[in-house]
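Engineer: Input start.txt, format and content: compact mmCIF, C-alpha atoms and all ligand atoms.
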```txt
# COMPACT_ATOMS: atom_id res chain seq x y z
CA MET A 268 187.82 -108.22 -27.69
CA SER A 269 188.19 -111.50 -25.87
CA ILE A 270 187.04 -111.99 -22.33
CA ALA A 271 190.54 -113.09 -21.45
CA SER A 272 191.85 -109.64 -22.24
CA ALA A 273 189.50 -108.02 -19.73
CA LYS A 274 191.08 -107.14 -16.32
CA ILE A 275 189.37 -109.42 -13.79
CA LEU A 276 190.72 -108.70 -10.31
CA PRO A 277 191.89 -111.81 -8.48
CA SER A 278 190.01 -111.77 -5.20
CA PRO A 279 186.46 -112.09 -3.90
CA ILE A 280 186.59 -108.43 -2.86
CA ALA A 281 187.62 -107.54 -6.37
CA CYS A 282 184.56 -109.39 -7.57
CA CYS A 283 182.46 -107.15 -5.41
CA VAL A 284 184.31 -104.07 -6.62
CA ALA A 285 183.60 -105.17 -10.12
CA VAL A 286 179.92 -105.44 -9.24
CA GLY A 287 179.97 -101.85 -7.96
CA PRO A 288 180.99 -100.00 -11.11
CA PRO A 289 179.50 -102.59 -13.39
CA THR A 290 182.33 -102.53 -15.89
CA VAL A 291 185.83 -103.93 -16.10
CA THR A 292 188.53 -102.43 -18.23
CA ALA A 293 189.80 -104.42 -21.17
CA ALA A 294 193.37 -104.30 -22.37
CA ASN A 295 192.42 -102.18 -25.35
CA ASP A 296 190.47 -99.86 -23.08
CA ASP A 297 187.15 -101.15 -24.31
CA LYS A 298 184.66 -101.52 -21.50
CA VAL A 299 182.81 -104.79 -20.94
CA ARG A 300 179.94 -105.21 -18.52
CA TRP A 301 180.89 -107.54 -15.69
CA SER A 302 178.40 -110.15 -14.58
CA PRO A 303 178.51 -113.32 -12.48
CA ALA A 304 178.23 -115.27 -15.72
CA LEU A 305 181.25 -113.42 -17.02
CA ALA A 306 183.12 -114.19 -13.82
CA ALA A 307 182.15 -117.81 -14.10
CA ALA A 308 183.41 -117.94 -17.64
CA GLY A 309 186.62 -115.96 -17.32
CA GLY A 310 187.39 -115.56 -13.69
CA SER A 311 185.93 -118.52 -11.87
CA ALA A 312 189.35 -119.48 -10.59
CA THR A 313 189.78 -116.10 -8.85
CA CYS A 314 186.15 -115.28 -7.88
CA PRO A 315 184.46 -118.08 -5.94
CA ALA A 316 180.87 -118.51 -7.10
CA GLY A 317 178.37 -116.35 -5.13
CA TRP A 318 180.99 -114.19 -3.35
CA GLY A 319 180.29 -111.07 -5.35
CA ARG A 320 176.59 -111.27 -4.68
CA ARG A 321 177.11 -111.87 -0.95
CA LEU A 322 179.48 -108.94 -0.60
CA GLY A 323 177.15 -106.77 -2.64
CA VAL A 324 174.24 -107.59 -0.36
CA ALA A 325 176.43 -106.95 2.71
CA ALA A 326 177.43 -103.55 1.33
CA LEU A 327 173.80 -102.68 0.68
CA LEU A 328 172.83 -103.70 4.21
CA LEU A 329 175.66 -101.62 5.60
CA LEU A 330 174.50 -98.61 3.61
CA LEU A 331 170.95 -99.09 4.84
CA ALA A 332 172.12 -99.35 8.46
CA ALA A 333 174.19 -96.17 8.09
CA THR A 334 171.20 -94.31 6.62
CA LEU A 335 168.95 -95.47 9.46
CA LEU A 336 171.56 -94.42 12.02
CA LEU A 337 171.82 -90.95 10.49
CA TYR A 338 168.04 -90.65 10.42
CA ARG A 339 167.88 -91.60 14.09
CA LEU A 340 170.59 -89.08 14.95
CA CYS A 341 168.72 -86.34 13.12
CA TYR A 342 165.25 -86.92 14.44
CA ALA A 343 165.26 -88.96 17.61
CA THR A 344 167.88 -86.82 19.31
CA ALA A 345 166.57 -83.49 18.05
CA GLY A 346 170.02 -83.21 16.58
CA ALA A 347 169.27 -80.89 13.73
CA THR A 348 172.45 -79.08 14.59
CA VAL A 349 174.37 -82.31 14.21
CA CYS A 350 172.89 -83.06 10.84
CA ALA A 351 172.54 -79.53 9.56
CA PRO A 352 175.17 -77.33 11.17
CA ASN A 353 173.67 -73.90 11.45
CA SER A 354 175.81 -72.36 8.77
CA ALA A 355 173.89 -74.53 6.34
CA ALA A 356 170.64 -74.68 8.25
CA GLY A 357 169.07 -71.90 6.28
CA ARG A 358 169.52 -73.92 3.10
CA LEU A 359 169.22 -77.50 4.30
CA ARG A 360 165.76 -78.78 4.91
CA PHE A 361 164.88 -81.96 6.75
CA PRO A 362 161.40 -83.50 6.62
CA HIS A 363 159.17 -82.32 9.48
CA THR A 364 161.00 -79.01 9.75
CA GLN A 365 159.76 -75.59 8.80
CA ARG A 366 160.73 -71.96 9.15
CA ARG A 367 159.05 -70.47 12.21
CA LEU A 368 158.72 -66.98 13.62
CA PRO A 369 161.09 -66.50 16.55
CA ALA A 370 159.85 -67.58 19.95
CA ALA A 371 162.68 -65.59 21.53
CA ILE A 372 164.47 -62.40 20.52
CA ILE A 373 167.71 -60.90 21.77
CA ILE A 374 166.62 -57.27 21.50
CA GLY A 375 169.94 -55.61 22.47
CA VAL A 376 171.89 -53.82 23.69
CA ARG A 377 174.29 -52.89 20.93
CA LYS A 378 177.81 -53.91 22.07
CA GLY A 379 176.40 -55.69 25.08
CA GLY A 380 177.62 -59.10 23.91
CA THR A 381 174.58 -60.03 21.82
CA ARG A 382 176.53 -62.08 19.26
CA ALA A 383 178.40 -64.00 21.96
CA LEU A 384 175.15 -64.83 23.71
CA LEU A 385 173.42 -65.92 20.50
CA GLU A 386 176.29 -68.24 19.56
CA MET A 387 176.52 -69.64 23.07
CA ILE A 388 172.82 -70.42 23.43
CA ASN A 389 172.92 -71.91 19.96
CA ILE A 390 174.97 -74.78 21.43
CA HIS A 391 171.67 -76.08 22.80
CA PRO A 392 170.22 -78.68 20.38
CA GLN A 393 166.76 -77.23 20.88
CA VAL A 394 167.80 -73.77 19.72
CA MET A 395 167.91 -72.70 16.11
CA ARG A 396 169.14 -69.19 15.51
CA ALA A 397 168.91 -66.77 12.61
CA SER A 398 172.59 -66.30 11.94
CA ARG A 399 172.18 -62.76 10.56
CA GLU A 400 170.53 -59.73 12.14
CA VAL A 401 167.18 -59.44 10.40
CA HIS A 402 166.17 -55.87 11.42
CA PHE A 403 162.54 -56.63 10.73
CA PHE A 404 160.89 -54.55 13.44
CA ASP A 405 163.18 -51.51 13.43
CA ARG A 406 163.46 -50.85 9.68
CA ASP A 407 160.18 -49.67 8.21
CA GLU A 408 161.08 -50.94 4.74
CA ASN A 409 161.46 -54.47 6.18
CA TYR A 410 158.43 -54.23 8.45
CA ARG A 411 156.25 -53.27 5.49
CA ARG A 412 157.25 -56.57 3.82
CA GLY A 413 155.18 -58.39 6.43
CA LEU A 414 155.56 -61.32 8.81
CA GLU A 415 155.88 -63.86 6.00
CA TRP A 416 159.03 -62.08 4.80
CA TYR A 417 160.34 -62.21 8.38
CA ARG A 418 159.49 -65.91 8.78
CA LYS A 419 161.37 -66.75 5.61
CA ARG A 420 164.53 -65.32 7.15
CA MET A 421 164.39 -67.83 9.99
CA PRO A 422 166.17 -71.20 9.96
CA PHE A 423 164.30 -74.48 9.53
CA SER A 424 163.43 -76.02 12.88
CA PHE A 425 161.60 -78.93 14.43
CA ASP A 426 158.48 -78.13 16.39
CA ASP A 427 160.20 -78.70 19.74
CA GLN A 428 162.98 -76.23 18.93
CA VAL A 429 163.11 -72.56 19.82
CA THR A 430 163.91 -70.13 17.03
CA VAL A 431 165.99 -67.18 18.23
CA GLU A 432 166.76 -63.94 16.44
CA LYS A 433 168.95 -61.02 17.50
CA SER A 434 168.87 -57.46 16.25
CA PRO A 435 170.32 -55.12 18.89
CA SER A 436 168.73 -51.95 17.52
CA TYR A 437 165.29 -53.28 18.51
CA PHE A 438 166.09 -52.24 22.07
CA VAL A 439 166.37 -48.50 21.38
CA THR A 440 163.80 -48.08 18.56
CA PRO A 441 160.54 -46.70 20.00
CA THR A 442 158.19 -48.40 17.52
CA VAL A 443 159.61 -51.90 18.09
CA PRO A 444 158.02 -53.09 21.38
CA GLY A 445 154.47 -52.60 20.01
CA ARG A 446 155.34 -54.35 16.77
CA VAL A 447 156.90 -57.32 18.55
CA TYR A 448 153.88 -57.55 20.83
CA GLN A 449 151.59 -57.62 17.80
CA MET A 450 153.56 -60.54 16.37
CA ASN A 451 153.47 -62.55 19.59
CA PRO A 452 152.59 -61.21 23.05
CA SER A 453 154.18 -64.33 24.60
CA VAL A 454 157.56 -63.97 22.90
CA ARG A 455 160.56 -64.36 25.24
CA LEU A 456 162.81 -61.29 25.29
CA ILE A 457 166.47 -61.10 26.23
CA VAL A 458 168.57 -57.99 26.70
CA VAL A 459 172.33 -58.12 27.32
CA VAL A 460 173.67 -55.13 29.22
CA ARG A 461 177.17 -54.05 30.14
CA GLU A 462 178.38 -51.40 32.51
CA PRO A 463 177.11 -48.33 30.59
CA VAL A 464 180.43 -46.49 30.19
CA THR A 465 182.20 -49.64 28.96
CA ARG A 466 179.37 -50.24 26.49
CA LEU A 467 179.61 -46.64 25.29
CA ILE A 468 183.38 -46.92 24.73
CA SER A 469 182.89 -50.23 22.92
CA ASP A 470 180.35 -48.50 20.67
CA TYR A 471 182.77 -45.63 20.06
CA THR A 472 185.55 -48.12 19.21
CA GLN A 473 183.27 -49.53 16.52
CA TYR A 474 182.78 -46.02 15.10
CA LEU A 475 186.55 -45.52 15.03
CA GLU A 476 186.93 -48.63 12.91
CA LYS A 477 184.09 -47.60 10.59
CA TRP A 478 185.54 -44.13 10.08
CA ALA A 479 188.96 -45.59 9.32
CA VAL A 480 187.47 -47.96 6.71
CA GLU A 481 185.42 -45.16 5.14
CA ARG A 482 188.37 -42.73 5.39
CA ARG A 483 186.23 -40.27 7.27
CA PRO A 484 187.58 -37.74 9.78
CA ILE A 485 187.96 -39.12 13.27
CA ARG A 486 185.98 -37.45 16.06
CA SER A 487 187.22 -37.68 19.62
CA LEU A 488 185.10 -39.36 22.28
CA ALA A 489 184.93 -36.12 24.26
CA GLU A 490 183.66 -34.28 21.19
CA MET A 491 180.89 -36.83 20.79
CA VAL A 492 179.64 -37.11 24.34
CA LEU A 493 180.48 -33.82 26.08
CA ARG A 494 179.12 -30.31 25.63
CA PRO A 495 181.60 -27.42 25.58
CA ASP A 496 180.81 -26.79 29.26
CA GLY A 497 181.92 -30.35 30.11
CA SER A 498 178.44 -31.76 30.85
CA VAL A 499 177.36 -35.02 29.25
CA ARG A 500 175.26 -34.81 26.09
CA ALA A 501 172.35 -37.06 27.05
CA GLU A 502 171.00 -36.79 23.51
CA SER A 503 174.15 -38.29 21.96
CA LYS A 504 173.47 -41.66 20.35
CA LEU A 505 176.38 -43.20 22.26
CA VAL A 506 175.01 -42.02 25.60
CA LYS A 507 171.35 -42.75 24.84
CA ALA A 508 171.94 -46.43 24.12
CA SER A 509 173.42 -46.85 27.62
CA LEU A 510 170.35 -45.34 29.33
CA TYR A 511 168.90 -48.79 29.75
CA GLN A 512 165.97 -48.00 32.03
CA ARG A 513 164.54 -45.49 29.54
CA HIS A 514 164.31 -48.08 26.81
CA LEU A 515 163.23 -50.87 29.12
CA LYS A 516 160.30 -48.81 30.36
CA ARG A 517 158.96 -48.75 26.82
CA TRP A 518 159.22 -52.55 26.58
CA LEU A 519 157.51 -52.94 29.94
CA GLU A 520 154.51 -51.00 28.63
CA TYR A 521 153.79 -54.06 26.50
CA PHE A 522 155.43 -57.02 28.19
CA PRO A 523 155.43 -58.29 31.78
CA ARG A 524 158.77 -58.16 33.54
CA ALA A 525 158.94 -61.97 33.52
CA ALA A 526 159.00 -61.97 29.72
CA LEU A 527 162.20 -59.96 29.72
CA LEU A 528 165.49 -61.48 30.86
CA VAL A 529 168.40 -59.16 31.54
CA VAL A 530 171.77 -60.83 30.95
CA ASP A 531 174.90 -59.40 32.54
CA GLY A 532 177.21 -58.87 29.55
CA ASP A 533 180.26 -58.27 31.77
CA ARG A 534 179.77 -61.65 33.45
CA LEU A 535 179.12 -63.20 30.06
CA ILE A 536 182.71 -62.21 29.24
CA SER A 537 184.33 -63.36 32.49
CA ASP A 538 182.25 -66.48 33.22
CA PRO A 539 179.67 -67.23 30.52
CA LEU A 540 178.05 -70.40 31.84
CA PRO A 541 175.86 -68.96 34.66
CA GLU A 542 174.42 -66.35 32.28
CA VAL A 543 173.82 -68.91 29.55
CA ARG A 544 172.07 -71.16 32.10
CA ARG A 545 169.74 -68.29 32.97
CA VAL A 546 168.86 -68.00 29.30
CA GLU A 547 168.15 -71.74 29.04
CA SER A 548 165.77 -71.43 31.95
CA HIS A 549 164.12 -68.29 30.47
CA LEU A 550 163.49 -70.21 27.26
CA HIS A 551 162.07 -73.17 29.26
CA LEU A 552 164.81 -75.45 27.97
CA GLN A 553 166.32 -78.39 29.83
CA PRO A 554 169.82 -77.46 31.03
CA TYR A 555 172.19 -78.76 28.39
CA ILE A 556 175.09 -76.32 28.02
CA ARG A 557 178.05 -77.09 30.26
CA GLN A 558 181.44 -75.73 31.16
CA ARG A 559 183.07 -78.14 28.71
CA HIS A 560 181.37 -76.25 25.86
CA PHE A 561 183.62 -73.25 26.55
CA TYR A 562 187.33 -72.71 26.82
CA PHE A 563 189.28 -69.57 27.48
CA ASN A 564 191.34 -68.59 24.46
CA SER A 565 194.27 -66.57 25.79
CA THR A 566 195.16 -65.22 22.32
CA LYS A 567 191.65 -63.85 21.84
CA GLY A 568 191.31 -62.94 25.52
CA PHE A 569 187.75 -64.28 25.56
CA TYR A 570 185.87 -67.52 25.99
CA CYS A 571 185.36 -69.44 22.78
CA ILE A 572 183.11 -72.36 21.93
CA THR A 573 184.60 -75.85 22.05
CA ALA A 574 184.09 -78.08 19.02
CA ASP A 575 181.41 -80.55 20.07
CA ALA A 576 179.04 -83.04 18.52
CA GLY A 577 176.47 -80.42 17.66
CA VAL A 578 178.39 -77.24 16.89
CA GLN A 579 181.57 -76.12 15.23
CA GLY A 580 184.13 -74.82 17.71
CA LYS A 581 184.82 -71.16 17.29
CA CYS A 582 185.89 -67.84 18.68
CA LEU A 583 183.96 -64.76 17.60
CA SER A 584 185.36 -62.65 14.78
CA ALA A 585 187.96 -59.91 15.26
CA SER A 586 185.16 -57.31 15.41
CA LYS A 587 184.15 -58.77 18.77
CA GLY A 588 186.65 -58.06 21.49
CA ARG A 589 188.39 -55.01 20.04
CA LYS A 590 190.99 -53.14 22.03
CA HIS A 591 189.37 -50.00 23.44
CA PRO A 592 191.15 -46.64 23.19
CA ASP A 593 192.28 -45.02 26.43
CA ALA A 594 189.91 -42.34 27.67
CA GLU A 595 190.88 -39.26 29.69
CA PRO A 596 190.29 -39.84 33.44
CA ALA A 597 188.27 -36.59 33.61
CA LEU A 598 186.01 -37.74 30.78
CA LEU A 599 185.52 -41.14 32.41
CA ASP A 600 184.73 -39.47 35.70
CA ALA A 601 182.09 -37.25 34.06
CA LEU A 602 180.51 -40.28 32.40
CA TYR A 603 180.47 -42.42 35.56
CA ARG A 604 178.88 -39.56 37.50
CA PHE A 605 176.32 -39.02 34.76
CA PHE A 606 175.26 -42.66 34.63
CA ALA A 607 175.19 -43.30 38.41
CA PRO A 608 171.58 -42.16 39.01
CA HIS A 609 170.43 -43.91 35.84
CA ASN A 610 172.07 -47.11 37.03
CA ARG A 611 170.20 -46.89 40.34
CA LYS A 612 166.90 -46.48 38.47
CA PHE A 613 167.72 -49.42 36.24
CA PHE A 614 168.47 -51.70 39.22
CA ARG A 615 165.17 -50.69 40.83
CA LEU A 616 163.23 -51.24 37.63
CA MET A 617 164.68 -54.70 37.02
CA ARG A 618 164.96 -55.62 40.71
CA ARG A 619 168.52 -56.72 40.21
CA ASN A 620 171.88 -55.18 41.13
CA PHE A 621 174.95 -55.04 38.94
CA SER A 622 178.48 -54.12 39.99
CA TRP A 623 178.34 -50.70 38.32
CA PRO A 624 179.03 -47.33 39.93
CA ILE A 625 175.90 -45.84 41.50
CA GLY A 626 177.42 -42.83 43.26
CA ASP A 627 177.03 -42.02 46.96
P1 LIG B 1 184.22 -55.22 22.50
O1 LIG B 1 184.53 -55.51 21.08
O2 LIG B 1 184.09 -53.80 22.80
O3 LIG B 1 185.13 -55.92 23.47
P2 LIG B 1 177.83 -57.24 20.36
O4 LIG B 1 177.94 -58.62 19.85
O5 LIG B 1 176.53 -56.97 21.04
O6 LIG B 1 178.21 -56.22 19.34
O7 LIG B 1 178.89 -57.09 21.54
C1 LIG B 1 180.27 -57.09 21.29
C2 LIG B 1 180.96 -57.33 22.60
O8 LIG B 1 180.75 -58.67 23.03
C3 LIG B 1 182.44 -57.20 22.54
O9 LIG B 1 182.75 -55.84 22.79
C4 LIG B 1 182.96 -58.13 23.63
O10 LIG B 1 183.46 -57.46 24.75
C5 LIG B 1 181.70 -58.88 24.06
N1 LIG B 1 181.87 -60.31 24.22
C6 LIG B 1 181.25 -61.04 25.17
N2 LIG B 1 181.62 -62.30 25.12
C7 LIG B 1 182.51 -62.40 24.10
C8 LIG B 1 183.25 -63.48 23.58
N3 LIG B 1 183.15 -64.70 24.09
N4 LIG B 1 184.07 -63.22 22.53
C9 LIG B 1 184.18 -61.99 22.02
N5 LIG B 1 183.49 -60.92 22.48
C10 LIG B 1 182.66 -61.12 23.53
```
As structure tokens - that is how I would like this structure written.

Structural biologist:
Amino acid sequence: MSIASAKILPSPIACCVAVGPPTVTAANDDKVRWSPALAAAGGSATCPAGWGRRLGVAALLLLLAATLLLYRLCYATAGATVCAPNSAAGRLRFPHTQRRLPAAIIIGVRKGGTRALLEMINIHPQVMRASREVHFFDRDENYRRGLEWYRKRMPFSFDDQVTVEKSPSYFVTPTVPGRVYQMNPSVRLIVVVREPVTRLISDYTQYLEKWAVERRPIRSLAEMVLRPDGSVRAESKLVKASLYQRHLKRWLEYFPRAALLVVDGDRLISDPLPEVRRVESHLHLQPYIRQRHFYFNSTKGFYCITADAGVQGKCLSASKGRKHPDAEPALLDALYRFFAPHNRKFFRLMRRNFSWPIGD
């Protein structure tokens, strides 16, 4: 094959391109290695001497600058979320990061808004969250696997970041507070509560969906929470989870009140920022999350997260924000009356009032 039959592109840029993949295609599809000498011999008229090398060096410098910029973005700005969006954070590992036991745990309450809170606080660049519920402390088979097993389920983080986990059943499981204390007596705890009857109906709505999927017979709400004489079954799982002060008392046997932040899940729905700010402060983080990080999605009927430098914009899945079934007024009345004294006790215990019915 003659050099003349090789395709030499007629511009300095083409010279550089030819340097990149170091071959040029010949007419008969043979490949010849391109070199400045080759250009001088066959293409000197179209490739001024030295251009290819200069452009090559410029491209290399550009690549180096881009790499340095990315490095700076990742490390200097604690922007792990920028460089390793959390969906991939469990798999991606940057130098100087490691998996750490959580410094903060959202312990419940089931259907309180725990997922929404976790995703919202995760906007903060200094927060790394375990995206799945780990159920380490409440499931004996997991707990027996030991803290190292637990640690390995956490995302990689820098040492100035706070790892957060959420498993709502921690709140109601009697063995959990002692186990968490053993792991770290200084851990920060967060519990998201909603008006107890609303939480209960949300929980029941989740059962309805589960039964439909599993093709199991549907039980009515009244059947689940009322005795035949119309009184409320305090031992029902649905009711028990809404008896917040009972569970909190167990946590307060181990942890000081200041370690435990109660988030108002109803306000988290209507106006998330103030509640999220309280969480930032509880985790000793600089305020970072702002109103612009949220927008109200009228189709979903809830606040969603705005796409921003650090996080992917998103609304929660369809399993969050389900339509609740209508409940009989008499059943609602019985439930509100049942919870009123418990609500009063809860307010006293936590030294905070919520806009829930407390009776006369
Ligand atoms: P519903 O589905 O009954 O409305 P959890 O994550 O603890 O299971 O809580 C689920 C509840 O979070 C939902 O209950 C919903 O009301 C509430 N929630 C709070 N903020 C939300 C948000 N921004 N998007 C969707 N659901 C949210």

Engineer: Grab me every residue within 7 Å of ligand LIG 1 (chain B), counting all atoms listed in the file, and send it over as a JSON list (two decimals) with C-alpha atoms, keeping the file's coordinate frame.

Structural biologist:
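Result written to result.json:
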```json
[["chain", "number", "residue", "atom", "x", "y", "z"],
["A", 375, "GLY", "CA", 169.94, -55.61, 22.47],
["A", 376, "VAL", "CA", 171.89, -53.82, 23.69],
["A", 377, "ARG", "CA", 174.29, -52.89, 20.93],
["A", 378, "LYS", "CA", 177.81, -53.91, 22.07],
["A", 379, "GLY", "CA", 176.40, -55.69, 25.08],
["A", 380, "GLY", "CA", 177.62, -59.10, 23.91],
["A", 381, "THR", "CA", 174.58, -60.03, 21.82],
["A", 382, "ARG", "CA", 176.53, -62.08, 19.26],
["A", 383, "ALA", "CA", 178.40, -64.00, 21.96],
["A", 435, "PRO", "CA", 170.32, -55.12, 18.89],
["A", 466, "ARG", "CA", 179.37, -50.24, 26.49],
["A", 469, "SER", "CA", 182.89, -50.23, 22.92],
["A", 470, "ASP", "CA", 180.35, -48.50, 20.67],
["A", 472, "THR", "CA", 185.55, -48.12, 19.21],
["A", 532, "GLY", "CA", 177.21, -58.87, 29.55],
["A", 535, "LEU", "CA", 179.12, -63.20, 30.06],
["A", 536, "ILE", "CA", 182.71, -62.21, 29.24],
["A", 569, "PHE", "CA", 187.75, -64.28, 25.56],
["A", 570, "TYR", "CA", 185.87, -67.52, 25.99],
["A", 571, "CYS", "CA", 185.36, -69.44, 22.78],
["A", 582, "CYS", "CA", 185.89, -67.84, 18.68],
["A", 583, "LEU", "CA", 183.96, -64.76, 17.60],
["A", 586, "SER", "CA", 185.16, -57.31, 15.41],
["A", 587, "LYS", "CA", 184.15, -58.77, 18.77],
["A", 588, "GLY", "CA", 186.65, -58.06, 21.49],
["A", 589, "ARG", "CA", 188.39, -55.01, 20.04],
["A", 590, "LYS", "CA", 190.99, -53.14, 22.03],
["A", 591, "HIS", "CA", 189.37, -50.00, 23.44]]
```

Engineer: Taking all atoms listed in the file into account, which of A:Val546, A:Leu528, A:Ile372, A:Leu384 comes nearest Val401 (chain A)?

Structural biologist: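 Closest residue, counting all atoms listed in the file: A:Ile372.
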
Engineer: In Å to one decimal, how far is CA of Ala526 (chain A) from CA of Arg455 (chain A)?

Structural biologist: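 These atoms are spaced 5.3 Å apart.
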
Engineer: Report, in Å with one decimal, the straight-line distance from CA of Pro484 (chain A) to CA of Tyr437 (chain A).

Structural biologist: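 For CA of Pro484 (chain A) relative to CA of Tyr437 (chain A), the distance reads 28.5 Å.
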
Engineer: Let me make sure I understand: among A:Ala332, A:Ala370, A:Leu322, A:Val447, which one has the smallest atom-to-atom distance to Phe404 (chain A) if we use all atoms listed in the file?

Structural biologist: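 Selected residue with least distance to Phe404 (chain A): A:Val447.
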
Engineer: Counting all atoms listed in the file, figure out which residue out of A:Pro463, A:Val499, A:Lys419, A:Gln428 gets nearest to Ala607 (chain A).

Structural biologist: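 Among the listed residues, A:Pro463 lies closest to Ala607 (chain A).
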
Engineer: If you count all atoms listed in the file, which residues fall within 10 Å of region 599-603 of chain A, apart from same-chain ones fewer than 5 positions away, as a ChimeraX atom specification?

Structural biologist: /A:462-465,467-468,489,492-493,497-500,506,593-594,608,610,623-626

Engineer: Counting only C-alpha atoms, which residue out of A:Met421, A:Val324, A:Ile390, A:Leu368 sits closest to Val454 (chain A)?

Structural biologist: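 Smallest separation from Val454 (chain A) among the options: A:Leu368.
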
Engineer: Report, in Å with one decimal, the straight-line distance from CA of Arg615 (chain A) to CA of Asp533 (chain A).

Structural biologist: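 Those two atoms sit 19.2 Å apart.
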
Engineer: For Ser548 (chain A), list every protein, DNA or RNA residue within 12 Å, evaluated using all atoms listed in the file, and leave out those in the same chain fewer than 3 positions away; present the list as a PyMOL selection string.

Structural biologist: chain A and resi 388+391+455+457+525-526+528+541-545+551-556

Engineer: Restricting the calculation to all atoms listed in the file: of A:Trp518, A:Trp318, A:Tyr474, A:Phe423, which residue gets closest to Met395 (chain A)?

Structural biologist: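 Going through A:Trp518, A:Trp318, A:Tyr474, A:Phe423 one by one, the smallest distance to Met395 (chain A) is for A:Phe423.
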
Engineer: Identify which of the residues A:Pro422, A:Tyr448, A:Asp407, A:Pro592 lies closest to Glu520 (chain A), counting all atoms listed in the file when measuring atom-to-atom distances.

Structural biologist: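 Ranking A:Pro422, A:Tyr448, A:Asp407, A:Pro592 by distance to Glu520 (chain A), first place goes to A:Tyr448.
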
Engineer: May I have the residues at most 9 Å from (167.9, -58.3, 10.5) in the file's coordinates, counting all atoms listed in the file, as a list in words?

Structural biologist: Ala397, Arg399, Glu400, Val401, His402, Phe403, Phe404, Asp405, Arg406, Asn409, Tyr417, Arg420, Glu432, Lys433 and Ser434 of chain A

Engineer: Applying 10 Å and all atoms listed in the file, which residues near Leu515 (chain A) remain after dropping the ones on its own chain fewer than 2 positions away? List them as a list in words.

Structural biologist: Phe438, Val439, Pro444, Val458, Leu510, Tyr511, Gln512, Arg513, Arg517, Trp518, Leu519, Glu520, Phe522, Arg524, Leu527, Phe613, Leu616 and Met617 of chain A

Engineer: Would you kindly place N, CA and C atoms on region 450-461 of chain A and return the model as a JSON list (two decimals), in the frame of the given file?

Structural biologist:
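Saved as selection.json:
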```
[["chain", "number", "residue", "atom", "x", "y", "z"],
["A", 450, "MET", "N", 153.19, -59.25, 16.96],
["A", 450, "MET", "CA", 153.56, -60.54, 16.37],
["A", 450, "MET", "C", 153.25, -61.66, 17.35],
["A", 451, "ASN", "N", 153.67, -61.48, 18.60],
["A", 451, "ASN", "CA", 153.47, -62.55, 19.59],
["A", 451, "ASN", "C", 153.61, -61.97, 21.00],
["A", 452, "PRO", "N", 152.51, -61.78, 21.70],
["A", 452, "PRO", "CA", 152.59, -61.21, 23.05],
["A", 452, "PRO", "C", 153.31, -62.12, 24.05],
["A", 453, "SER", "N", 153.51, -63.40, 23.67],
["A", 453, "SER", "CA", 154.18, -64.33, 24.60],
["A", 453, "SER", "C", 155.64, -64.56, 24.24],
["A", 454, "VAL", "N", 156.16, -63.78, 23.31],
["A", 454, "VAL", "CA", 157.56, -63.97, 22.90],
["A", 454, "VAL", "C", 158.48, -63.76, 24.11],
["A", 455, "ARG", "N", 159.59, -64.52, 24.16],
["A", 455, "ARG", "CA", 160.56, -64.36, 25.24],
["A", 455, "ARG", "C", 161.59, -63.33, 24.80],
["A", 456, "LEU", "N", 161.87, -62.36, 25.65],
["A", 456, "LEU", "CA", 162.81, -61.29, 25.29],
["A", 456, "LEU", "C", 164.07, -61.38, 26.14],
["A", 457, "ILE", "N", 165.19, -61.05, 25.52],
["A", 457, "ILE", "CA", 166.47, -61.10, 26.23],
["A", 457, "ILE", "C", 167.23, -59.81, 25.91],
["A", 458, "VAL", "N", 167.75, -59.17, 26.94],
["A", 458, "VAL", "CA", 168.57, -57.99, 26.70],
["A", 458, "VAL", "C", 169.89, -58.17, 27.45],
["A", 459, "VAL", "N", 171.00, -57.96, 26.72],
["A", 459, "VAL", "CA", 172.33, -58.12, 27.32],
["A", 459, "VAL", "C", 172.88, -56.74, 27.60],
["A", 460, "VAL", "N", 173.16, -56.46, 28.87],
["A", 460, "VAL", "CA", 173.67, -55.13, 29.22],
["A", 460, "VAL", "C", 175.09, -55.22, 29.75],
["A", 461, "ARG", "N", 175.83, -54.15, 29.55],
["A", 461, "ARG", "CA", 177.17, -54.05, 30.14],
["A", 461, "ARG", "C", 177.22, -52.78, 30.95]]
```
